[in-house]
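Pasting coords.txt here (compact mmCIF, C-alpha atoms):
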# COMPACT_ATOMS: atom_id res chain seq x y z
CA GLY A 1 24.18 20.57 -87.46
CA GLU A 2 24.89 17.09 -86.28
CA SER A 3 22.01 15.34 -84.68
CA VAL A 4 20.43 12.09 -83.80
CA GLY A 5 16.86 12.12 -85.05
CA LEU A 6 13.80 9.94 -85.03
CA HIS A 7 11.64 9.08 -88.03
CA LEU A 8 8.27 9.03 -86.24
CA PRO A 9 7.13 11.00 -83.21
CA THR A 10 4.44 8.47 -82.19
CA LEU A 11 3.85 4.78 -82.76
CA SER A 12 0.73 2.85 -81.89
CA VAL A 13 0.80 -0.96 -81.82
CA GLN A 14 -1.52 -3.74 -80.75
CA GLU A 15 -0.59 -5.69 -77.65
CA GLY A 16 1.30 -8.78 -78.67
CA ASP A 17 2.59 -7.33 -81.93
CA ASN A 18 6.19 -6.41 -82.55
CA SER A 19 7.25 -2.74 -82.41
CA ILE A 20 9.98 -1.10 -84.43
CA ILE A 21 11.27 2.32 -83.48
CA ASN A 22 13.68 3.99 -85.88
CA CYS A 23 16.43 6.54 -85.47
CA ALA A 24 18.79 8.28 -87.90
CA TYR A 25 22.14 9.76 -87.00
CA SER A 26 24.36 12.06 -88.97
CA ASN A 27 27.82 11.67 -87.45
CA SER A 28 29.50 8.75 -89.18
CA ALA A 29 32.30 8.85 -86.63
CA SER A 30 29.98 7.92 -83.76
CA ASP A 31 30.93 4.56 -82.35
CA TYR A 32 28.40 3.80 -79.64
CA PHE A 33 24.63 4.02 -79.47
CA ILE A 34 22.12 3.55 -76.69
CA TRP A 35 18.36 3.23 -76.39
CA TYR A 36 16.53 4.63 -73.39
CA LYS A 37 12.94 4.19 -72.24
CA GLN A 38 11.18 6.93 -70.33
CA GLU A 39 7.92 6.20 -68.58
CA SER A 40 5.62 8.97 -67.50
CA GLY A 41 6.99 10.88 -64.52
CA LYS A 42 10.28 9.00 -64.46
CA GLY A 43 13.81 9.48 -65.69
CA PRO A 44 15.06 7.70 -68.83
CA GLN A 45 16.06 4.10 -68.24
CA PHE A 46 18.86 2.33 -70.11
CA ILE A 47 17.51 -0.47 -72.31
CA ILE A 48 20.25 -1.68 -74.61
CA ASP A 49 23.38 -0.45 -76.33
CA ILE A 50 25.40 -1.32 -79.41
CA ARG A 51 28.90 -0.54 -80.60
CA SER A 52 29.60 0.49 -84.16
CA ASN A 53 31.53 -2.73 -84.84
CA MET A 54 28.28 -4.67 -84.42
CA ASP A 55 25.19 -4.91 -86.63
CA LYS A 56 22.82 -6.44 -84.14
CA ARG A 57 22.48 -6.95 -80.44
CA GLN A 58 19.73 -8.75 -78.59
CA GLY A 59 18.39 -8.35 -75.10
CA GLN A 60 15.32 -9.60 -73.37
CA ARG A 61 12.51 -9.03 -75.90
CA VAL A 62 14.50 -6.18 -77.46
CA THR A 63 16.85 -6.10 -80.40
CA VAL A 64 18.87 -3.18 -81.67
CA LEU A 65 19.98 -3.07 -85.29
CA LEU A 66 22.64 -0.76 -86.63
CA ASN A 67 23.08 0.02 -90.32
CA LYS A 68 26.19 2.12 -90.66
CA THR A 69 25.86 2.41 -94.43
CA VAL A 70 22.72 4.51 -94.13
CA LYS A 71 23.39 5.68 -90.59
CA HIS A 72 20.26 4.14 -89.21
CA LEU A 73 19.46 2.59 -85.85
CA SER A 74 16.35 0.71 -84.83
CA LEU A 75 14.88 -0.80 -81.69
CA GLN A 76 12.66 -3.82 -82.05
CA ILE A 77 10.41 -4.88 -79.20
CA ALA A 78 8.95 -8.37 -79.48
CA ALA A 79 5.44 -9.19 -78.23
CA THR A 80 4.78 -5.62 -77.12
CA GLN A 81 3.11 -5.33 -73.75
CA PRO A 82 1.16 -2.47 -72.11
CA GLY A 83 4.17 -1.88 -69.86
CA ASP A 84 6.18 -1.00 -72.93
CA SER A 85 4.16 2.19 -73.38
CA ALA A 86 6.67 4.99 -72.97
CA VAL A 87 8.85 7.44 -74.85
CA TYR A 88 11.91 5.88 -76.41
CA PHE A 89 15.07 7.86 -77.06
CA CYS A 90 18.04 6.88 -79.13
CA ALA A 91 21.33 8.37 -78.02
CA GLU A 92 24.81 8.56 -79.35
CA ASN A 93 28.08 8.88 -77.49
CA ARG A 94 30.52 11.12 -79.30
CA ASN A 95 34.05 11.98 -78.42
CA THR A 96 34.02 15.76 -78.37
CA GLY A 97 37.14 16.10 -76.33
CA GLY A 98 35.28 14.41 -73.53
CA PHE A 99 32.43 12.07 -74.36
CA LYS A 100 29.04 13.66 -74.78
CA THR A 101 25.71 11.89 -75.08
CA ILE A 102 23.46 13.33 -77.79
CA PHE A 103 19.78 12.44 -77.65
CA GLY A 104 17.17 12.21 -80.35
CA ALA A 105 13.76 13.83 -79.98
CA GLY A 106 12.02 10.67 -78.78
CA THR A 107 9.22 8.43 -80.06
CA ARG A 108 6.11 7.82 -77.98
CA LEU A 109 4.95 4.22 -78.11
CA PHE A 110 1.27 3.51 -77.40
CA VAL A 111 0.26 -0.09 -76.81
CA LYS A 112 -3.38 -0.86 -77.46
CA ALA A 113 -4.94 -3.65 -75.41
CA LYS B 114 23.92 -0.75 -55.90
CA ALA B 115 21.87 2.42 -55.47
CA GLY B 116 20.99 4.40 -58.57
CA VAL B 117 21.30 8.09 -59.21
CA THR B 118 19.48 10.00 -56.50
CA GLN B 119 18.03 13.44 -57.01
CA THR B 120 16.49 15.78 -54.47
CA PRO B 121 14.03 17.32 -54.18
CA ARG B 122 11.65 15.42 -56.43
CA TYR B 123 9.13 18.22 -56.68
CA LEU B 124 9.30 21.90 -55.95
CA ILE B 125 7.44 25.10 -56.71
CA LYS B 126 9.18 28.46 -56.92
CA THR B 127 8.10 31.94 -57.89
CA ARG B 128 9.60 34.04 -60.64
CA GLY B 129 12.78 35.77 -59.62
CA GLN B 130 13.73 33.23 -56.98
CA GLN B 131 16.64 30.86 -57.25
CA VAL B 132 16.73 27.11 -56.83
CA THR B 133 19.36 24.49 -56.05
CA LEU B 134 18.96 20.87 -57.10
CA SER B 135 21.07 18.05 -55.77
CA CYS B 136 22.33 14.84 -57.33
CA SER B 137 24.16 11.85 -55.89
CA PRO B 138 25.66 9.66 -58.64
CA ILE B 139 25.93 5.90 -58.68
CA SER B 140 28.75 4.80 -56.42
CA GLY B 141 32.02 4.81 -58.37
CA HIS B 142 30.73 7.04 -61.13
CA ARG B 143 32.86 10.11 -61.60
CA SER B 144 31.04 12.02 -64.30
CA VAL B 145 27.78 13.82 -63.66
CA SER B 146 25.64 15.43 -66.36
CA TRP B 147 22.53 17.55 -66.11
CA TYR B 148 19.68 17.74 -68.62
CA GLN B 149 16.54 19.82 -68.89
CA GLN B 150 13.39 18.24 -70.25
CA THR B 151 10.26 20.24 -71.03
CA PRO B 152 6.90 18.95 -72.40
CA GLY B 153 7.25 18.27 -76.08
CA GLN B 154 11.00 18.80 -75.98
CA GLY B 155 13.77 16.32 -75.90
CA LEU B 156 16.60 16.14 -73.46
CA GLN B 157 18.54 19.38 -73.56
CA PHE B 158 22.10 19.09 -72.29
CA LEU B 159 23.01 21.60 -69.59
CA PHE B 160 26.52 20.67 -68.46
CA GLU B 161 28.79 17.85 -67.43
CA TYR B 162 31.22 17.66 -64.52
CA PHE B 163 34.17 15.44 -63.84
CA SER B 164 36.58 15.74 -60.92
CA GLU B 165 34.93 18.94 -59.77
CA THR B 166 35.51 20.55 -63.18
CA GLN B 167 32.98 21.46 -65.81
CA ARG B 168 34.04 19.69 -69.00
CA ASN B 169 31.11 20.33 -71.31
CA LYS B 170 28.42 22.98 -71.40
CA GLY B 171 25.21 23.28 -73.37
CA ASN B 172 23.54 26.38 -74.75
CA PHE B 173 21.88 27.74 -71.65
CA PRO B 174 22.15 31.25 -70.16
CA GLY B 175 24.48 32.00 -67.31
CA ARG B 176 21.58 31.79 -64.85
CA PHE B 177 22.15 28.04 -64.99
CA SER B 178 25.20 26.89 -63.12
CA GLY B 179 26.47 23.82 -61.41
CA ARG B 180 29.26 22.35 -59.40
CA GLN B 181 30.63 19.01 -58.36
CA PHE B 182 32.09 18.07 -55.03
CA SER B 183 35.05 15.85 -54.23
CA ASN B 184 32.71 12.92 -53.53
CA SER B 185 31.27 13.34 -57.07
CA ARG B 186 27.95 14.63 -55.78
CA SER B 187 26.69 17.54 -57.83
CA GLU B 188 24.37 20.49 -57.52
CA MET B 189 22.87 22.75 -60.12
CA ASN B 190 21.53 26.21 -59.50
CA VAL B 191 19.14 28.37 -61.45
CA SER B 192 18.99 32.02 -60.48
CA THR B 193 16.33 34.61 -61.29
CA LEU B 194 13.81 31.96 -62.23
CA GLU B 195 11.57 32.49 -65.24
CA LEU B 196 8.30 30.77 -66.10
CA GLY B 197 10.05 29.01 -68.96
CA ASP B 198 12.39 27.30 -66.53
CA SER B 199 9.56 25.01 -65.46
CA ALA B 200 10.81 21.58 -66.43
CA LEU B 201 12.05 18.20 -65.34
CA TYR B 202 15.73 18.45 -64.47
CA LEU B 203 17.55 15.18 -64.87
CA CYS B 204 20.89 14.21 -63.48
CA ALA B 205 22.88 11.36 -64.97
CA SER B 206 26.14 9.72 -64.03
CA SER B 207 28.69 7.56 -65.80
CA LEU B 208 31.90 5.70 -65.07
CA ASP B 209 33.87 7.73 -67.57
CA LEU B 210 36.30 4.99 -68.59
CA ARG B 211 37.64 6.90 -71.60
CA THR B 212 35.72 4.61 -73.92
CA ALA B 213 32.35 5.36 -75.50
CA SER B 214 30.66 2.41 -73.79
CA GLY B 215 32.25 3.36 -70.49
CA ASN B 216 30.41 6.61 -70.75
CA THR B 217 26.91 5.22 -70.83
CA ILE B 218 24.92 7.55 -68.65
CA TYR B 219 22.35 6.41 -66.12
CA PHE B 220 19.62 8.78 -65.06
CA GLY B 221 17.96 9.66 -61.81
CA GLU B 222 14.21 10.15 -61.51
CA GLY B 223 14.55 13.90 -61.91
CA SER B 224 13.45 17.00 -60.06
CA TRP B 225 10.21 18.57 -61.22
CA LEU B 226 10.46 22.35 -61.01
CA THR B 227 7.40 24.52 -61.43
CA VAL B 228 7.86 28.29 -61.61
CA VAL B 229 4.76 30.36 -60.90
Let's see the structure in the file written out as structure tokens.
Amino acid sequence: GESVGLHLPTLSVQEGDNSIINCAYSNSASDYFIWYKQESGKGPQFIIDIRSNMDKRQGQRVTVLLNKTVKHLSLQIAATQPGDSAVYFCAENRNTGGFKTIFGAGTRLFVKA
Amino acid sequence: KAGVTQTPRYLIKTRGQQVTLSCSPISGHRSVSWYQQTPGQGLQFLFEYFSETQRNKGNFPGRFSGRQFSNSRSEMNVSTLELGDSALYLCASSLDLRTASGNTIYFGEGSWLTVV
């Protein structure tokens, strides 16, 4: 069925390095994507979003890239810090007769000091 | 502006009991969604409410139900609790502006339910 999936379940990076978290989606009609960060014991927190008419969007230390040709989404975190350790979810808003947010399985990011 | 507020944050119930969880959305947000999250699992969609009506429903048994009030606040109920219902229950709200970006959902901190 249709899904938003993640390439890697865990990612371990050295503090100060850049992190790249990947996500694949299968519904080519999807037109809006979001990244969420979930820290231990907390609810997911909105990080950044991107519309399908864009290829790239930058925030504070984060960049989201969208490749519609291969239906791939990535989140880049610059100069990764210990506070970035969390589970990251990609999500997709689809119009199913009412919008519905579909989440990927999540990638756990470990930052090594 | 206050975020999504969920109560209670933690609760323990025994098998067979029922539980009601409450959610107050961000002011002005009209859509409220509920998700279940278990260890090792992703976010499983339960249902979504708008204007006191359930618009979308996930693949959960009828023991899981919800409702939304005229002030957009929402409750979800789980009856005849099972051990497998132990999870983090997350509520999320959105503006619902009939555009994909207007439907970005913002989460509360969740209610941790343990069934013993």
Item checked: Point (15.2, -1.4, -71.9), cut-off 8 Å, counting all atoms listed in the file, residues as a PyMOL selection string -> chain A and resi 35-37+45-48+62
Checklist line | Counting only C-alpha atoms, the option among A:Leu66, A:Ile21, A:Ile102, A:Val13 closest to chain B | finding: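 Using only C-alpha atoms, chain B sits closest to A:Ile102.
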Could you list, with a cut-off of 12 Å and counting only C-alpha atoms, the residues of segment 172-201 of chain B near segment 136-141 of chain B, each shown with its nearest atom pair and the distance in Å rounded to one decimal, rows sorted by chain and ascending number, as CSV?
residue,atom,partner,partner_atom,distance
B:Gly179,CA,B:Cys136,CA,10.7
B:Arg180,CA,B:Cys136,CA,10.4
B:Gln181,CA,B:Cys136,CA,9.3
B:Phe182,CA,B:Ser137,CA,10.1
B:Ser183,CA,B:Ser137,CA,11.7
B:Asn184,CA,B:Ser137,CA,8.9
B:Ser185,CA,B:Pro138,CA,6.9
B:Arg186,CA,B:Ser137,CA,4.7
B:Ser187,CA,B:Cys136,CA,5.2
B:Glu188,CA,B:Cys136,CA,6.0
B:Met189,CA,B:Cys136,CA,8.4
B:Asn190,CA,B:Cys136,CA,11.6
As AutoDock Vina command-line options, what would the box around segment 63-66 of chain A look like: edges along x, y and z, 6 Å added on every side, centre and edge lengths in Å to one decimal?
--center_x 19.7 --center_y -3.4 --center_z -83.5 --size_x 17.8 --size_y 17.3 --size_z 18.2
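Minimum distance to chain A across B:Arg143, B:Leu156, B:Ser206, B:Phe177 (counting all atoms listed in the file) occurs at B:Leu156.
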Margin query: With all atoms listed in the file considered, list every residue of chain B at most 9 Å from chain A, as a list in words.
Written below: Gly153, Gln154, Gly155, Leu156, Gln157, Phe158, Glu161, Arg168, Asn169, Leu201, Leu203, Cys204, Asp209, Arg211, Thr212, Ala213, Ser214, Asn216, Thr217, Ile218, Tyr219, Phe220, Gly221, Glu222, Gly223 and Trp225 of chain B
Margin query: With only C-alpha atoms as the counted atoms, please give the residues lying no more than 7 Å from Arg128 of chain B, apart from itself and same-chain residues fewer than 3 positions off, as a PyMOL selection string.
Written below: chain B and resi 193-196+228-229
Next item on the list: Using all atoms listed in the file, find all polymer residues with an atom at most 9 Å away from the point (26.5, 10.1, -86.9); report them as a list in words.
Entry: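 Applying the cut-off with all atoms listed in the file, one gets Glu2, Ser3, Val4, Ala24, Tyr25, Ser26, Asn27, Ser28, Ala29, Ser30, Asp31, Lys68, Lys71, His72, Glu92 and Arg94 of chain A.
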Next item on the list: Check the smallest atom-to-atom distance from each of A:Gln58, A:Thr10, A:Thr69, A:Asn18 to Tyr88 of chain A using all atoms listed in the file, then report the winner.
Entry: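 Ranking A:Gln58, A:Thr10, A:Thr69, A:Asn18 by distance to Tyr88 of chain A, first place goes to A:Thr10.
With atom CA of Thr107 of chain A on one side and atom CA of Leu11 of chain A on the other, the separation reads 7.0 Å.
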Provide segment 28-44 of chain A rebuilt to N, CA, C and O atoms, formatted as an mmCIF file, keeping the file's coordinate frame.
data_model
loop_
_atom_site.group_PDB
_atom_site.id
_atom_site.type_symbol
_atom_site.label_atom_id
_atom_site.label_comp_id
_atom_site.auth_asym_id
_atom_site.auth_seq_id
_atom_site.Cartn_x
_atom_site.Cartn_y
_atom_site.Cartn_z
ATOM 1 N N SER A 28 28.996 10.080 -88.823
ATOM 2 C CA SER A 28 29.500 8.750 -89.180
ATOM 3 C C SER A 28 30.640 8.302 -88.286
ATOM 4 O O SER A 28 30.990 7.125 -88.262
ATOM 5 N N ALA A 29 31.200 9.214 -87.526
ATOM 6 C CA ALA A 29 32.300 8.850 -86.630
ATOM 7 C C ALA A 29 31.817 8.337 -85.288
ATOM 8 O O ALA A 29 32.604 7.856 -84.480
ATOM 9 N N SER A 30 30.524 8.414 -85.035
ATOM 10 C CA SER A 30 29.980 7.920 -83.760
ATOM 11 C C SER A 30 30.199 6.432 -83.652
ATOM 12 O O SER A 30 30.016 5.694 -84.629
ATOM 13 N N ASP A 31 30.586 5.976 -82.468
ATOM 14 C CA ASP A 31 30.930 4.560 -82.350
ATOM 15 C C ASP A 31 30.154 3.826 -81.261
ATOM 16 O O ASP A 31 30.439 2.665 -80.969
ATOM 17 N N TYR A 32 29.155 4.470 -80.697
ATOM 18 C CA TYR A 32 28.400 3.800 -79.640
ATOM 19 C C TYR A 32 27.028 4.418 -79.545
ATOM 20 O O TYR A 32 26.884 5.642 -79.509
ATOM 21 N N PHE A 33 26.015 3.557 -79.471
ATOM 22 C CA PHE A 33 24.630 4.020 -79.470
ATOM 23 C C PHE A 33 23.861 3.325 -78.352
ATOM 24 O O PHE A 33 24.112 2.173 -78.018
ATOM 25 N N ILE A 34 22.900 4.069 -77.814
ATOM 26 C CA ILE A 34 22.120 3.550 -76.690
ATOM 27 C C ILE A 34 20.640 3.861 -76.897
ATOM 28 O O ILE A 34 20.297 4.886 -77.483
ATOM 29 N N TRP A 35 19.812 2.974 -76.430
ATOM 30 C CA TRP A 35 18.360 3.230 -76.390
ATOM 31 C C TRP A 35 17.940 3.370 -74.934
ATOM 32 O O TRP A 35 18.345 2.578 -74.070
ATOM 33 N N TYR A 36 17.080 4.387 -74.707
ATOM 34 C CA TYR A 36 16.530 4.630 -73.390
ATOM 35 C C TYR A 36 15.007 4.593 -73.467
ATOM 36 O O TYR A 36 14.410 4.971 -74.476
ATOM 37 N N LYS A 37 14.399 4.197 -72.361
ATOM 38 C CA LYS A 37 12.940 4.190 -72.240
ATOM 39 C C LYS A 37 12.576 5.124 -71.103
ATOM 40 O O LYS A 37 13.146 5.042 -70.012
ATOM 41 N N GLN A 38 11.616 6.018 -71.370
ATOM 42 C CA GLN A 38 11.180 6.930 -70.330
ATOM 43 C C GLN A 38 9.683 6.791 -70.110
ATOM 44 O O GLN A 38 8.888 7.125 -70.988
ATOM 45 N N GLU A 39 9.326 6.305 -68.947
ATOM 46 C CA GLU A 39 7.920 6.200 -68.580
ATOM 47 C C GLU A 39 7.475 7.517 -67.955
ATOM 48 O O GLU A 39 8.293 8.296 -67.463
ATOM 49 N N SER A 40 6.185 7.715 -67.981
ATOM 50 C CA SER A 40 5.620 8.970 -67.500
ATOM 51 C C SER A 40 6.052 9.272 -66.063
ATOM 52 O O SER A 40 5.905 8.419 -65.180
ATOM 53 N N GLY A 41 6.604 10.461 -65.862
ATOM 54 C CA GLY A 41 6.990 10.880 -64.520
ATOM 55 C C GLY A 41 8.302 10.306 -64.019
ATOM 56 O O GLY A 41 8.658 10.513 -62.857
ATOM 57 N N LYS A 42 9.020 9.612 -64.890
ATOM 58 C CA LYS A 42 10.280 9.000 -64.460
ATOM 59 C C LYS A 42 11.439 9.461 -65.342
ATOM 60 O O LYS A 42 11.247 10.034 -66.404
ATOM 61 N N GLY A 43 12.645 9.175 -64.884
ATOM 62 C CA GLY A 43 13.810 9.480 -65.690
ATOM 63 C C GLY A 43 14.034 8.392 -66.729
ATOM 64 O O GLY A 43 13.517 7.275 -66.610
ATOM 65 N N PRO A 44 14.765 8.694 -67.800
ATOM 66 C CA PRO A 44 15.060 7.700 -68.830
ATOM 67 C C PRO A 44 15.816 6.500 -68.243
ATOM 68 O O PRO A 44 16.693 6.666 -67.396
#
